[in-house]
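Dropping start-v9.cif in here (mmCIF, C-alpha atoms):
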```cif
data_run
#
loop_
_atom_site.label_atom_id
_atom_site.label_comp_id
_atom_site.auth_asym_id
_atom_site.auth_seq_id
_atom_site.Cartn_x
_atom_site.Cartn_y
_atom_site.Cartn_z
CA MET A 313 2.37 0.71 -22.20
CA HIS A 314 4.78 1.70 -19.45
CA SER A 315 4.65 5.34 -20.39
CA LEU A 316 1.10 5.48 -18.97
CA LYS A 317 0.73 7.21 -15.65
CA THR A 318 -1.46 5.37 -13.17
CA ALA A 319 -3.95 7.31 -11.04
CA LEU A 320 -5.90 5.76 -8.16
CA ILE A 321 -8.99 7.63 -6.96
CA THR A 322 -10.82 6.68 -3.76
CA GLY A 323 -14.56 7.22 -3.55
CA GLY A 324 -14.59 6.88 -7.31
CA THR A 325 -18.30 6.10 -7.65
CA GLY A 326 -19.49 9.25 -5.83
CA ALA A 327 -20.43 12.50 -7.57
CA ILE A 328 -17.06 14.23 -7.17
CA GLY A 329 -14.92 11.08 -7.34
CA LYS A 330 -16.47 10.01 -10.64
CA ALA A 331 -15.92 13.51 -12.07
CA ILE A 332 -12.27 13.54 -10.91
CA ALA A 333 -11.77 10.14 -12.55
CA ARG A 334 -13.36 11.43 -15.73
CA LEU A 335 -11.21 14.57 -15.93
CA ILE A 336 -8.02 12.57 -15.38
CA ALA A 337 -9.08 9.81 -17.82
CA GLU A 338 -9.70 12.46 -20.49
CA LYS A 339 -6.05 13.50 -20.33
CA PRO A 340 -3.74 11.60 -22.67
CA GLY A 341 -1.43 9.07 -21.04
CA TYR A 342 -3.38 8.21 -17.89
CA GLU A 343 -4.62 4.86 -16.67
CA VAL A 344 -7.35 5.41 -14.09
CA ILE A 345 -8.30 3.02 -11.30
CA ILE A 346 -11.21 3.81 -9.04
CA LEU A 347 -11.42 2.43 -5.54
CA ALA A 348 -14.94 1.62 -4.40
CA ARG A 349 -16.88 -0.52 -1.95
CA ASN A 350 -19.77 -1.61 -4.14
CA PRO A 351 -18.85 -3.84 -7.13
CA ASN A 352 -22.04 -3.06 -9.08
CA LYS A 353 -21.58 0.68 -8.73
CA ALA A 354 -17.90 0.29 -9.59
CA GLU A 355 -18.66 -1.66 -12.79
CA ASP A 356 -21.28 0.87 -13.85
CA THR A 357 -18.87 3.73 -13.19
CA VAL A 358 -16.04 2.11 -15.16
CA ASP A 359 -18.41 1.48 -18.12
CA TYR A 360 -19.63 5.06 -17.98
CA LEU A 361 -16.08 6.46 -17.81
CA LYS A 362 -14.87 4.32 -20.72
CA ASN A 363 -17.82 5.42 -22.84
CA VAL A 364 -17.63 9.09 -22.04
CA THR A 365 -13.82 9.49 -22.23
CA GLY A 366 -12.91 6.90 -24.87
CA ASN A 367 -10.09 5.82 -22.55
CA GLN A 368 -10.17 2.02 -22.19
CA GLN A 369 -7.46 1.99 -19.48
CA ILE A 370 -9.98 2.31 -16.67
CA SER A 371 -10.66 -0.29 -13.99
CA TYR A 372 -11.62 -0.62 -10.34
CA VAL A 373 -10.44 -2.20 -7.12
CA LEU A 374 -12.59 -2.90 -4.08
CA ALA A 375 -11.88 -1.99 -0.47
CA ASN A 376 -13.65 -0.55 2.53
CA LEU A 377 -11.52 2.44 3.52
CA SER A 378 -12.84 2.50 7.07
CA GLU A 379 -10.95 -0.74 7.78
CA LYS A 380 -7.20 -0.85 8.23
CA GLU A 381 -6.72 -4.46 7.12
CA GLU A 382 -8.50 -3.83 3.82
CA ILE A 383 -6.17 -0.95 2.97
CA LYS A 384 -3.09 -2.93 4.00
CA LYS A 385 -4.24 -5.87 1.89
CA LEU A 386 -4.92 -3.67 -1.13
CA ALA A 387 -1.48 -2.05 -0.88
CA GLY A 388 0.14 -5.46 -0.40
CA LEU A 389 -1.47 -6.85 -3.55
CA TRP A 390 -0.82 -3.73 -5.66
CA ASP A 391 1.36 -4.70 -8.62
CA LYS A 392 1.30 -1.56 -10.76
CA PRO A 393 3.11 1.75 -10.70
CA LEU A 394 1.30 4.54 -8.86
CA HIS A 395 1.90 8.10 -10.01
CA VAL A 396 -1.19 9.76 -8.58
CA LEU A 397 -3.21 8.99 -5.46
CA VAL A 398 -6.39 11.02 -4.98
CA ASN A 399 -7.93 10.59 -1.53
CA ASN A 400 -11.53 11.58 -1.99
CA ALA A 401 -13.75 8.97 -0.24
CA GLY A 402 -15.80 10.43 2.58
CA VAL A 403 -18.90 9.70 4.63
CA THR A 404 -20.93 11.75 7.06
CA PRO A 405 -23.60 9.58 8.69
CA ARG A 406 -26.25 11.57 10.56
CA ARG A 407 -26.02 9.32 13.61
CA ARG A 408 -22.85 8.15 15.29
CA GLU A 409 -21.82 4.84 13.73
CA GLU A 410 -18.85 2.59 14.38
CA THR A 411 -16.81 0.38 12.09
CA PRO A 412 -16.39 -3.35 12.87
CA GLU A 413 -13.15 -2.30 14.62
CA GLY A 414 -15.18 -0.05 16.92
CA ILE A 415 -13.96 3.26 15.49
CA GLU A 416 -16.34 6.16 14.85
CA MET A 417 -17.19 6.04 11.15
CA GLN A 418 -16.20 9.54 10.00
CA TRP A 419 -12.90 9.43 11.84
CA ALA A 420 -12.21 5.95 10.43
CA THR A 421 -13.09 6.78 6.82
CA ASN A 422 -12.40 10.48 6.32
CA VAL A 423 -9.24 10.70 8.42
CA LEU A 424 -7.72 7.26 9.03
CA GLY A 425 -8.71 6.20 5.50
CA TYR A 426 -6.66 9.08 4.05
CA PHE A 427 -3.82 8.46 6.51
CA ARG A 428 -3.59 4.74 5.77
CA MET A 429 -3.87 5.12 2.00
CA MET A 430 -0.91 7.49 2.10
CA LYS A 431 1.07 5.41 4.58
CA TYR A 432 0.62 2.01 2.92
CA PHE A 433 0.97 3.21 -0.67
CA ILE A 434 4.21 5.15 -0.07
CA PRO A 435 6.41 2.27 -1.38
CA HIS A 436 4.48 2.24 -4.68
CA LEU A 437 4.57 6.04 -5.00
CA LYS A 438 8.33 6.09 -4.28
CA LYS A 439 8.97 3.52 -7.02
CA SER A 440 6.98 5.60 -9.51
CA ALA A 441 8.27 9.05 -8.49
CA PRO A 442 7.81 11.82 -9.43
CA ALA A 443 4.40 11.12 -7.91
CA ARG A 444 1.56 13.12 -6.41
CA ILE A 445 -0.95 12.75 -3.62
CA VAL A 446 -4.06 14.94 -3.71
CA ASN A 447 -6.30 15.04 -0.65
CA VAL A 448 -9.83 16.29 -1.15
CA ALA A 449 -10.78 18.19 2.00
CA SER A 450 -12.97 21.26 2.38
CA TYR A 451 -13.03 24.88 3.42
CA TRP A 452 -15.69 23.60 5.83
CA ALA A 453 -13.11 22.60 8.45
CA GLY A 454 -12.47 23.09 12.14
CA ASP A 455 -13.52 21.72 15.56
CA LEU A 456 -10.72 19.13 15.79
CA ASP A 457 -10.59 17.67 19.29
CA MET A 458 -7.65 15.30 19.59
CA ALA A 459 -8.72 14.37 23.12
CA ASP A 460 -12.04 13.08 21.76
CA PRO A 461 -11.75 12.50 18.02
CA GLU A 462 -14.42 9.80 18.00
CA PHE A 463 -17.15 11.66 19.90
CA LYS A 464 -17.10 9.26 22.81
CA TYR A 465 -17.61 12.16 25.24
CA ARG A 466 -18.83 14.99 23.04
CA HIS A 467 -22.34 14.97 21.63
CA TYR A 468 -22.05 13.53 18.09
CA ASN A 469 -23.05 15.96 15.40
CA ASN A 470 -22.27 14.90 11.84
CA ASN A 471 -21.48 18.46 10.82
CA THR A 472 -18.93 18.88 13.64
CA ALA A 473 -17.46 15.43 12.93
CA TYR A 474 -17.16 16.29 9.24
CA ARG A 475 -15.51 19.67 9.90
CA GLN A 476 -13.09 17.95 12.25
CA SER A 477 -12.24 15.30 9.65
CA LYS A 478 -11.50 17.91 6.97
CA GLN A 479 -9.30 19.93 9.34
CA ALA A 480 -7.41 16.71 10.06
CA ASP A 481 -7.00 15.98 6.33
CA ARG A 482 -5.53 19.42 5.78
CA MET A 483 -3.07 18.90 8.67
CA LEU A 484 -2.09 15.39 7.56
CA THR A 485 -1.30 16.79 4.11
CA VAL A 486 1.43 18.94 5.69
CA ALA A 487 2.76 15.99 7.71
CA PHE A 488 3.08 13.72 4.68
CA ALA A 489 4.40 16.53 2.46
CA ASP A 490 7.27 17.10 4.92
CA MET A 491 7.93 13.37 5.15
CA LEU A 492 7.95 12.74 1.38
CA LYS A 493 9.54 15.86 -0.09
CA THR A 494 12.96 14.24 -0.40
CA HIS A 495 11.37 11.35 -2.34
CA ASN A 496 9.96 13.49 -5.17
CA ILE A 497 6.38 12.93 -4.00
CA THR A 498 4.19 16.00 -3.60
CA VAL A 499 1.18 16.12 -1.27
CA ASN A 500 -1.44 18.83 -1.61
CA VAL A 501 -4.99 19.34 -0.38
CA CYS A 502 -7.97 21.20 -1.75
CA HIS A 503 -11.56 22.26 -1.36
CA PRO A 504 -13.37 20.66 -4.28
CA GLY A 505 -16.25 23.08 -4.75
CA ASP A 506 -19.85 22.93 -3.59
CA VAL A 507 -21.44 19.97 -5.32
CA ARG A 508 -24.74 18.35 -4.49
CA SER A 509 -23.76 14.84 -3.47
CA ARG A 510 -24.85 12.21 -1.00
CA LEU A 511 -22.34 13.73 1.42
CA SER A 512 -23.52 17.33 1.04
CA THR A 513 -27.12 16.16 1.38
CA ASP A 514 -26.30 14.30 4.62
CA LEU A 515 -24.77 17.52 5.92
CA GLY A 516 -27.91 19.43 4.98
CA PHE A 517 -26.24 21.48 2.25
CA GLY A 518 -27.42 21.84 -1.30
CA GLY A 519 -24.61 22.51 -3.72
CA HIS A 520 -24.64 24.89 -6.67
CA GLU A 521 -21.68 23.57 -8.69
CA SER A 522 -21.62 20.65 -11.11
CA PRO A 523 -19.53 17.59 -10.22
CA GLU A 524 -17.12 18.63 -13.02
CA GLU A 525 -16.68 22.08 -11.44
CA GLY A 526 -16.11 20.43 -8.07
CA ALA A 527 -13.58 18.02 -9.58
CA ASP A 528 -11.65 20.70 -11.44
CA THR A 529 -9.17 21.62 -8.69
CA PRO A 530 -8.39 18.06 -7.52
CA ALA A 531 -7.89 16.86 -11.13
CA TRP A 532 -5.71 19.90 -11.87
CA LEU A 533 -3.56 19.20 -8.79
CA ALA A 534 -3.26 15.59 -9.88
CA THR A 535 -2.08 16.28 -13.42
CA SER A 536 -1.08 19.88 -14.15
CA PRO A 537 2.55 20.82 -14.86
CA GLU A 538 1.73 24.17 -13.18
CA VAL A 539 1.93 22.60 -9.72
CA GLU A 540 4.93 20.37 -10.33
CA GLY A 541 7.15 20.42 -7.26
CA VAL A 542 4.57 22.31 -5.15
CA THR A 543 3.89 20.45 -1.91
CA GLY A 544 2.16 20.83 1.44
CA LYS A 545 -0.26 23.48 0.17
CA TYR A 546 -4.02 24.04 0.37
CA PHE A 547 -5.97 25.13 -2.74
CA GLU A 548 -9.43 26.51 -3.47
CA HIS A 549 -10.51 27.00 -7.10
CA ARG A 550 -6.95 26.39 -8.30
CA HIS A 551 -5.61 29.12 -6.01
CA MET A 552 -3.14 28.43 -3.25
CA THR A 553 -4.90 29.58 -0.09
CA ASN A 554 -3.59 30.14 3.41
CA CYS A 555 -4.39 27.21 5.73
CA PRO A 556 -4.05 28.05 9.43
CA PHE A 557 -4.40 24.39 10.46
CA GLY A 558 -1.26 23.24 8.69
CA GLN A 559 0.91 25.94 10.23
CA ASN A 560 0.98 24.58 13.76
CA LYS A 561 3.76 22.00 13.34
CA GLU A 562 3.39 20.72 16.90
CA GLN A 563 -0.32 19.98 16.40
CA VAL A 564 0.37 18.44 12.97
CA GLU A 565 2.91 16.06 14.53
CA LYS A 566 0.56 15.25 17.38
CA LEU A 567 -2.22 14.38 14.91
CA PHE A 568 0.12 12.20 12.84
CA GLU A 569 1.11 10.25 15.96
CA LEU A 570 -2.54 9.93 17.02
CA CYS A 571 -3.52 8.46 13.64
CA ASP A 572 -0.52 6.16 13.57
CA LYS A 573 -1.56 4.57 16.88
CA TYR A 574 -4.81 3.19 15.44
#
```
Could you rewrite the structure in this file as C-alpha cells?
Amino acid sequence: MHSLKTALITGGTGAIGKAIARLIAEKPGYEVIILARNPNKAEDTVDYLKNVTGNQQISYVLANLSEKEEIKKLAGLWDKPLHVLVNNAGVTPRRREETPEGIEMQWATNVLGYFRMMKYFIPHLKKSAPARIVNVASYWAGDLDMADPEFKYRHYNNNTAYRQSKQADRMLTVAFADMLKTHNITVNVCHPGDVRSRLSTDLGFGGHESPEEGADTPAWLATSPEVEGVTGKYFEHRHMTNCPFGQNKEQVEKLFELCDKY
C-alpha cells in the first residue's frame, strides 16, 4: 500500500479539477484525494471517478479554501503522505464579495488559497519527497496591484481581479520553487487550456477545449518523469513558456510577504 503516491487536487469537483483527478487516477500507483466545499458534489465526483477509472483509491476532504483556519485545520489533521499537490480551485464572482474574514473573494481563494495550501502542506510534502506542487494559473494574467489587491479603491471588475490572481499565482510559484528546491519539492505553474466551466462562463468566455484537454498539462506536470527536477517554470500545452511575472525577484518577494501577512 505504501508504494502508492498520494495526490491532492483542490477544486476537484469543477470541470478542470475533475478531469485532472481523472487523468491522475488513471495512472497506475496513484491515490487521489479531491478537496471540495460541497459534500454532495464531492461524493458524486468520487463515485464518478471510481467508475470511470477503475481506481478505488479515490476519496475527498472538505474545506473552504477562502478561509485560512480551514486550510490550517486540514493540514493539521492530514495523516497521509503527500506526493502531489495540485492547486486548481478558483472563483470569479461578477460582483465584489468578501469572505467571513472580510477579504475580497478572488484574492482570498485564488491567491491566498494557493499560498496557504503550499505553506501549510510543506511539512507533509517534505516527508514524502520527491514531491511536486502544480499551480493551475492562466495565460490570462496581469493587472496585479499590490497596493490594492482587494479592490478597496479600484473599481471591482471580475476580469481584472481574475487576471491579477493568476499573475500572483505565477509569481508565487517562483517564490515557493526557490524556497523548496533544496527539499526535493518542485513547484510549477501552467495554463490549463480554454475549457467551458463555471469560471470561464463567469468571465464571459466560452471555451473550445474539453475538460480532458484542459487537464492534460496540469496532470502531466503532476506525474510525468519528463519534468522530474524541473521547478519554478510556467507551461502552456506541455511547453515551457517564458513568464515575465516570475522574473522580477523583488516583486515576487514583495508578493510573498504581502500574502504571508494575511
Which residues of region 424-480 of chain A come within 10 Å of region 372-379 of chain A, and for each one, what is the closest pair of atoms and their distance in Å to one decimal, counting all atoms listed in the file, sorted by chain and residue number, as a Markdown table?
```
| residue | atom | partner | partner_atom | distance |
| --- | --- | --- | --- | --- |
| A:Leu424 | CA | A:Ser378 | CA | 7.3 |
| A:Gly425 | CA | A:Leu377 | CA | 5.1 |
| A:Tyr426 | CA | A:Leu377 | CA | 8.2 |
| A:Arg428 | CA | A:Leu377 | CA | 8.6 |
| A:Met429 | CA | A:Leu377 | CA | 8.2 |
```
Mind giving me the axis-aligned box for region 394-399 of chain A with 4 Å on every side, centre plus edges in Å to one decimal, as JSON?
```
{"center_x": -3.0, "center_y": 7.8, "center_z": -5.8, "size_x": 17.8, "size_y": 14.5, "size_z": 16.5}
```
What would the list of residues within 12 Å of (4.6, 3.6, 0.5) (file frame) look like as a PDB file with C-alpha atoms, in the coordinates of the input, if only C-alpha atoms are what count?
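Saved the output as selection_28.pdb:
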```pdb
ATOM      1  CA  ILE A 383      -6.170  -0.950   2.970  1.00  0.00           C
ATOM      2  CA  LYS A 384      -3.090  -2.930   4.000  1.00  0.00           C
ATOM      3  CA  ALA A 387      -1.480  -2.050  -0.880  1.00  0.00           C
ATOM      4  CA  GLY A 388       0.140  -5.460  -0.400  1.00  0.00           C
ATOM      5  CA  TRP A 390      -0.820  -3.730  -5.660  1.00  0.00           C
ATOM      6  CA  PRO A 393       3.110   1.750 -10.700  1.00  0.00           C
ATOM      7  CA  LEU A 394       1.300   4.540  -8.860  1.00  0.00           C
ATOM      8  CA  HIS A 395       1.900   8.100 -10.010  1.00  0.00           C
ATOM      9  CA  LEU A 397      -3.210   8.990  -5.460  1.00  0.00           C
ATOM     10  CA  PHE A 427      -3.820   8.460   6.510  1.00  0.00           C
ATOM     11  CA  ARG A 428      -3.590   4.740   5.770  1.00  0.00           C
ATOM     12  CA  MET A 429      -3.870   5.120   2.000  1.00  0.00           C
ATOM     13  CA  MET A 430      -0.910   7.490   2.100  1.00  0.00           C
ATOM     14  CA  LYS A 431       1.070   5.410   4.580  1.00  0.00           C
ATOM     15  CA  TYR A 432       0.620   2.010   2.920  1.00  0.00           C
ATOM     16  CA  PHE A 433       0.970   3.210  -0.670  1.00  0.00           C
ATOM     17  CA  ILE A 434       4.210   5.150  -0.070  1.00  0.00           C
ATOM     18  CA  PRO A 435       6.410   2.270  -1.380  1.00  0.00           C
ATOM     19  CA  HIS A 436       4.480   2.240  -4.680  1.00  0.00           C
ATOM     20  CA  LEU A 437       4.570   6.040  -5.000  1.00  0.00           C
ATOM     21  CA  LYS A 438       8.330   6.090  -4.280  1.00  0.00           C
ATOM     22  CA  LYS A 439       8.970   3.520  -7.020  1.00  0.00           C
ATOM     23  CA  SER A 440       6.980   5.600  -9.510  1.00  0.00           C
ATOM     24  CA  ALA A 441       8.270   9.050  -8.490  1.00  0.00           C
ATOM     25  CA  ALA A 443       4.400  11.120  -7.910  1.00  0.00           C
ATOM     26  CA  ILE A 445      -0.950  12.750  -3.620  1.00  0.00           C
ATOM     27  CA  PHE A 488       3.080  13.720   4.680  1.00  0.00           C
ATOM     28  CA  MET A 491       7.930  13.370   5.150  1.00  0.00           C
ATOM     29  CA  LEU A 492       7.950  12.740   1.380  1.00  0.00           C
ATOM     30  CA  HIS A 495      11.370  11.350  -2.340  1.00  0.00           C
ATOM     31  CA  ILE A 497       6.380  12.930  -4.000  1.00  0.00           C
TER      32      ILE A 497
END
```
Legend entry - A:Val344, A:Thr485, A:Cys502, A:Ile370 ranked by distance to Gln559 (chain A), top pick (using all atoms listed in the file):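 Result for the nearest residue to Gln559 (chain A): A:Thr485.
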Inset, instruction - Quick one: everything within 12 Å of Met417 (chain A), counting only C-alpha atoms, minus sequence neighbours fewer than 2 positions away in the same chain. Send it as a ChimeraX atom specification. - result: /A:376-379,402-415,419-425,461-463,468,470,473-474,477
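Taking only C-alpha atoms into account, Gly329 (chain A) lies nearest to A:Asn399 out of the set A:Gln368, A:Asn363, A:Asn399, A:Ser522.
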Legend entry - CA of Asn471 (chain A) to CA of Tyr451 (chain A), distance in Å rounded to a single decimal: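 These atoms are spaced 12.9 Å apart.
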Legend entry - Length of the CA of Glu524 (chain A) to CA of Tyr546 (chain A) vector [Å]: 19.5 Å
Legend entry - Distance of CA of Glu382 (chain A) from CA of Lys478 (chain A), expressed in Å to one decimal place: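 Distance reported for this atom pair: 22.2 Å.
With all atoms listed in the file as the atoms that count, the residue of A:Met483, A:Leu316, A:Val446, A:Ala459 with the shortest distance to Val539 (chain A) is A:Val446.
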Legend entry - For Ala331 (chain A): contacts at 9 Å, all atoms listed in the file, fewer than 5 positions along chain excluded, given as a ChimeraX atom specification: /A:324-326,336,523-528,531
Legend entry - Minimum-distance residue to Pro556 (chain A), chosen among A:Ala333, A:Val486, A:Ala354, A:Ile346 (using all atoms listed in the file):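 Once distances to Pro556 (chain A) are computed over all atoms listed in the file, the minimum belongs to A:Val486.
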Legend entry - A:Arg444, A:His503, A:Lys385, A:Arg466 ranked by distance to Glu540 (chain A), top pick (using only C-alpha atoms):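 Of the candidates, the smallest distance to Glu540 (chain A) is held by A:Arg444.
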Explicit residue set for the PyMOL selection byres ((chain A and resi 563) around 12), as a PDB file with C-alpha atoms, in the frame of the given file:
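Below is the file result23.pdb, written as the result:
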```pdb
ATOM      1  CA  LEU A 456     -10.720  19.130  15.790  1.00  0.00           C
ATOM      2  CA  ASP A 457     -10.590  17.670  19.290  1.00  0.00           C
ATOM      3  CA  MET A 458      -7.650  15.300  19.590  1.00  0.00           C
ATOM      4  CA  GLN A 479      -9.300  19.930   9.340  1.00  0.00           C
ATOM      5  CA  ALA A 480      -7.410  16.710  10.060  1.00  0.00           C
ATOM      6  CA  ARG A 482      -5.530  19.420   5.780  1.00  0.00           C
ATOM      7  CA  MET A 483      -3.070  18.900   8.670  1.00  0.00           C
ATOM      8  CA  LEU A 484      -2.090  15.390   7.560  1.00  0.00           C
ATOM      9  CA  VAL A 486       1.430  18.940   5.690  1.00  0.00           C
ATOM     10  CA  ALA A 487       2.760  15.990   7.710  1.00  0.00           C
ATOM     11  CA  PRO A 556      -4.050  28.050   9.430  1.00  0.00           C
ATOM     12  CA  PHE A 557      -4.400  24.390  10.460  1.00  0.00           C
ATOM     13  CA  GLY A 558      -1.260  23.240   8.690  1.00  0.00           C
ATOM     14  CA  GLN A 559       0.910  25.940  10.230  1.00  0.00           C
ATOM     15  CA  ASN A 560       0.980  24.580  13.760  1.00  0.00           C
ATOM     16  CA  LYS A 561       3.760  22.000  13.340  1.00  0.00           C
ATOM     17  CA  GLU A 562       3.390  20.720  16.900  1.00  0.00           C
ATOM     18  CA  VAL A 564       0.370  18.440  12.970  1.00  0.00           C
ATOM     19  CA  GLU A 565       2.910  16.060  14.530  1.00  0.00           C
ATOM     20  CA  LYS A 566       0.560  15.250  17.380  1.00  0.00           C
ATOM     21  CA  LEU A 567      -2.220  14.380  14.910  1.00  0.00           C
ATOM     22  CA  PHE A 568       0.120  12.200  12.840  1.00  0.00           C
ATOM     23  CA  GLU A 569       1.110  10.250  15.960  1.00  0.00           C
ATOM     24  CA  LEU A 570      -2.540   9.930  17.020  1.00  0.00           C
TER      25      LEU A 570
END
```
Legend entry - Neighbour list for Asn367 (chain A) as a list in words, cut-off 12 Å, all atoms listed in the file, skip fewer than 6 positions in-chain: Leu316, Ala333, Arg334, Leu335, Ile336, Ala337, Glu338, Lys339, Pro340, Gly341, Tyr342, Glu343, Val344, Ile345, Val358, Asp359, Tyr360 and Leu361 of chain A
Export C-alpha atoms of the chosen residues as a PDB file, keeping the file's coordinate frame?
```
ATOM      1  CA  LEU A 316       1.100   5.480 -18.970  1.00  0.00           C
ATOM      2  CA  ALA A 333     -11.770  10.140 -12.550  1.00  0.00           C
ATOM      3  CA  ARG A 334     -13.360  11.430 -15.730  1.00  0.00           C
ATOM      4  CA  LEU A 335     -11.210  14.570 -15.930  1.00  0.00           C
ATOM      5  CA  ILE A 336      -8.020  12.570 -15.380  1.00  0.00           C
ATOM      6  CA  ALA A 337      -9.080   9.810 -17.820  1.00  0.00           C
ATOM      7  CA  GLU A 338      -9.700  12.460 -20.490  1.00  0.00           C
ATOM      8  CA  LYS A 339      -6.050  13.500 -20.330  1.00  0.00           C
ATOM      9  CA  PRO A 340      -3.740  11.600 -22.670  1.00  0.00           C
ATOM     10  CA  GLY A 341      -1.430   9.070 -21.040  1.00  0.00           C
ATOM     11  CA  TYR A 342      -3.380   8.210 -17.890  1.00  0.00           C
ATOM     12  CA  GLU A 343      -4.620   4.860 -16.670  1.00  0.00           C
ATOM     13  CA  VAL A 344      -7.350   5.410 -14.090  1.00  0.00           C
ATOM     14  CA  ILE A 345      -8.300   3.020 -11.300  1.00  0.00           C
ATOM     15  CA  VAL A 358     -16.040   2.110 -15.160  1.00  0.00           C
ATOM     16  CA  ASP A 359     -18.410   1.480 -18.120  1.00  0.00           C
ATOM     17  CA  TYR A 360     -19.630   5.060 -17.980  1.00  0.00           C
ATOM     18  CA  LEU A 361     -16.080   6.460 -17.810  1.00  0.00           C
TER      19      LEU A 361
END
```
Check what the PyMOL selection byres ((chain A and resi 322) around 6) selects in the file above and give those residues as a PDB file with C-alpha atoms, keeping the file's coordinate frame.
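Resulting contents of result01.pdb:
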```pdb
ATOM      1  CA  ILE A 321      -8.990   7.630  -6.960  1.00  0.00           C
ATOM      2  CA  GLY A 323     -14.560   7.220  -3.550  1.00  0.00           C
ATOM      3  CA  GLY A 324     -14.590   6.880  -7.310  1.00  0.00           C
ATOM      4  CA  LEU A 347     -11.420   2.430  -5.540  1.00  0.00           C
ATOM      5  CA  ASN A 399      -7.930  10.590  -1.530  1.00  0.00           C
ATOM      6  CA  ASN A 400     -11.530  11.580  -1.990  1.00  0.00           C
ATOM      7  CA  ALA A 401     -13.750   8.970  -0.240  1.00  0.00           C
TER       8      ALA A 401
END
```
Kindly add N, CA and C atoms to the incomplete region 417-429 of chain A and provide the output as a PDB file, in the frame of the given file.
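After the write, selection_2.pdb holds the following:
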```pdb
ATOM      1  N   MET A 417     -17.238   6.208  12.599  1.00  0.00           N
ATOM      2  CA  MET A 417     -17.190   6.040  11.150  1.00  0.00           C
ATOM      3  C   MET A 417     -16.527   7.192  10.376  1.00  0.00           C
ATOM      4  N   GLN A 418     -16.812   8.432  10.742  1.00  0.00           N
ATOM      5  CA  GLN A 418     -16.200   9.540  10.000  1.00  0.00           C
ATOM      6  C   GLN A 418     -14.705   9.613  10.247  1.00  0.00           C
ATOM      7  N   TRP A 419     -14.328   9.412  11.501  1.00  0.00           N
ATOM      8  CA  TRP A 419     -12.900   9.430  11.840  1.00  0.00           C
ATOM      9  C   TRP A 419     -12.173   8.298  11.090  1.00  0.00           C
ATOM     10  N   ALA A 420     -12.812   7.128  11.075  1.00  0.00           N
ATOM     11  CA  ALA A 420     -12.210   5.950  10.430  1.00  0.00           C
ATOM     12  C   ALA A 420     -12.055   6.140   8.926  1.00  0.00           C
ATOM     13  N   THR A 421     -13.093   6.679   8.290  1.00  0.00           N
ATOM     14  CA  THR A 421     -13.090   6.780   6.820  1.00  0.00           C
ATOM     15  C   THR A 421     -12.398   8.046   6.334  1.00  0.00           C
ATOM     16  N   ASN A 422     -12.836   9.185   6.863  1.00  0.00           N
ATOM     17  CA  ASN A 422     -12.400  10.480   6.320  1.00  0.00           C
ATOM     18  C   ASN A 422     -10.985  10.853   6.760  1.00  0.00           C
ATOM     19  N   VAL A 423     -10.567  10.333   7.910  1.00  0.00           N
ATOM     20  CA  VAL A 423      -9.240  10.700   8.420  1.00  0.00           C
ATOM     21  C   VAL A 423      -8.282   9.506   8.339  1.00  0.00           C
ATOM     22  N   LEU A 424      -8.621   8.424   9.043  1.00  0.00           N
ATOM     23  CA  LEU A 424      -7.720   7.260   9.030  1.00  0.00           C
ATOM     24  C   LEU A 424      -7.644   6.636   7.646  1.00  0.00           C
ATOM     25  N   GLY A 425      -8.734   6.698   6.879  1.00  0.00           N
ATOM     26  CA  GLY A 425      -8.710   6.200   5.500  1.00  0.00           C
ATOM     27  C   GLY A 425      -7.666   6.937   4.668  1.00  0.00           C
ATOM     28  N   TYR A 426      -7.653   8.266   4.770  1.00  0.00           N
ATOM     29  CA  TYR A 426      -6.660   9.080   4.050  1.00  0.00           C
ATOM     30  C   TYR A 426      -5.255   8.747   4.558  1.00  0.00           C
ATOM     31  N   PHE A 427      -5.130   8.718   5.890  1.00  0.00           N
ATOM     32  CA  PHE A 427      -3.820   8.460   6.510  1.00  0.00           C
ATOM     33  C   PHE A 427      -3.242   7.123   6.051  1.00  0.00           C
ATOM     34  N   ARG A 428      -4.082   6.093   6.101  1.00  0.00           N
ATOM     35  CA  ARG A 428      -3.590   4.740   5.770  1.00  0.00           C
ATOM     36  C   ARG A 428      -3.333   4.580   4.280  1.00  0.00           C
ATOM     37  N   MET A 429      -4.139   5.190   3.437  1.00  0.00           N
ATOM     38  CA  MET A 429      -3.870   5.120   2.000  1.00  0.00           C
ATOM     39  C   MET A 429      -2.504   5.736   1.691  1.00  0.00           C
TER      40      MET A 429
END
```
